[in-house]
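J.: First the structure, which I've put down as structure tokens, then a few questions once you've had a look.
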Amino acid sequence: MTGLMVCVLVLAAASACGVLQRRRNGRVRVRGRDDGKRLGAADLGTDLGERATLVQFSSAFCAPCRATRRILGEVAAVVPGVTHVEIDAEAHLDLVRRLDILKTPTVLVLDADGRVVRRATGQPRKADVIAALGEAV
């Protein structure tokens with residue numbers, strides 16, 4: 001009977017962790033450890049957007065990265081002065097470490113000066129990206 005109770009408790013704990021992870025995935029939020037972090041044209045390999053820049057860290061075999069690329073591209077196309085930049089996380093490990101990128105896709109919203117104002121881990125919703133741009137522009 002004790003073994004059954006342990007299995008039930010482990011299953012319940014794993015389910016709770018899964019639900020929490022799923023709720024956090026893709027949500028755009030402000031993170032304290034991004035305070036003061038900036039990216040420039042040298043970091044991105046291209047110029048910053050006039051008003052804001054959407055920086056996407058991706059990897060080769062990441063399925064949500066393709067959908068995120070499409071969403072960010074659409075947002076950049078409709079919001080004037082916004083640029084979308086995709087960075088291969090595996091090819092830029094120094095930048096990944098500096099910015100604490102733990103998972104792909106990770107999206108950083110930069111203001112016109114390159115300051116990180118928002119971050120999303122996982123595939124964000126288009127409405128959340130547009131709302132996050134409100135703080136950057």
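Starting from 1 in every chain, residues are counted up; chains themselves are A, B, ... following the order of the structure tokens, and ligands are numbered from 1 as listed.
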For Thr83 in chain A, please output as a VMD selection string all residues within 9 Å (counting only C-alpha atoms; exclusion window: fewer than 6 positions along the same chain).
T.: chain A and resid 47 to 55 72 to 73 75 to 77
J.: Rank A:Leu99, A:Ala91, A:Val85, A:Val129 by their smallest atom-to-atom distance to Thr46 in chain A, using only C-alpha atoms, and report the top residue only.
T.: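 Ranked by minimum distance to Thr46 in chain A, first place goes to A:Val85.
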J.: I need the residue nearest Gln123 in chain A from this list: A:Val109, A:Ile71, A:Ala42, A:Ala89. Use only C-alpha atoms for the distance.
T.: A:Ile71
J.: Work out how far apart CA of Ala120 in chain A and CA of His92 in chain A are and give it in Å to one decimal.
T.: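 For CA of Ala120 in chain A relative to CA of His92 in chain A, the distance reads 18.6 Å.
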J.: Go through A:Thr2, A:Gly81, A:Ala41, A:Glu74 one by one, measure the shortest atom-to-atom distance of each to Gly114 in chain A using only C-alpha atoms, and give the residue with the smallest value.
T.: A:Ala41
J.: Between A:Ala60, A:Ala67, A:Val79, A:Ile87, which one has atoms that come closest to Gly45 in chain A, using only C-alpha atoms?
T.: A:Ile87
J.: Nearest to Gln56 in chain A among A:Arg70, A:His84, A:Arg115, A:Arg38, with distances taken over only C-alpha atoms: which residue is it?
T.: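 Closest residue, counting only C-alpha atoms: A:His84.
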J.: Suppose you want the space between CA of Ala63 in chain A and CA of Leu95 in chain A; what is it in Å?
T.: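 Straight-line distance from CA of Ala63 in chain A to CA of Leu95 in chain A works out to 21.8 Å.
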J.: Which one is closest to Ser59 in chain A: A:Asp113, A:Glu86, A:Asp100, A:Glu135? Count only C-alpha atoms.
T.: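 Looking only at the distances to Ser59 in chain A, the closest residue turns out to be A:Glu86.
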J.: Mind pulling up the distance from CA of Leu44 in chain A to CA of Thr104 in chain A?
T.: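 Interatomic distance here is 16.7 Å.
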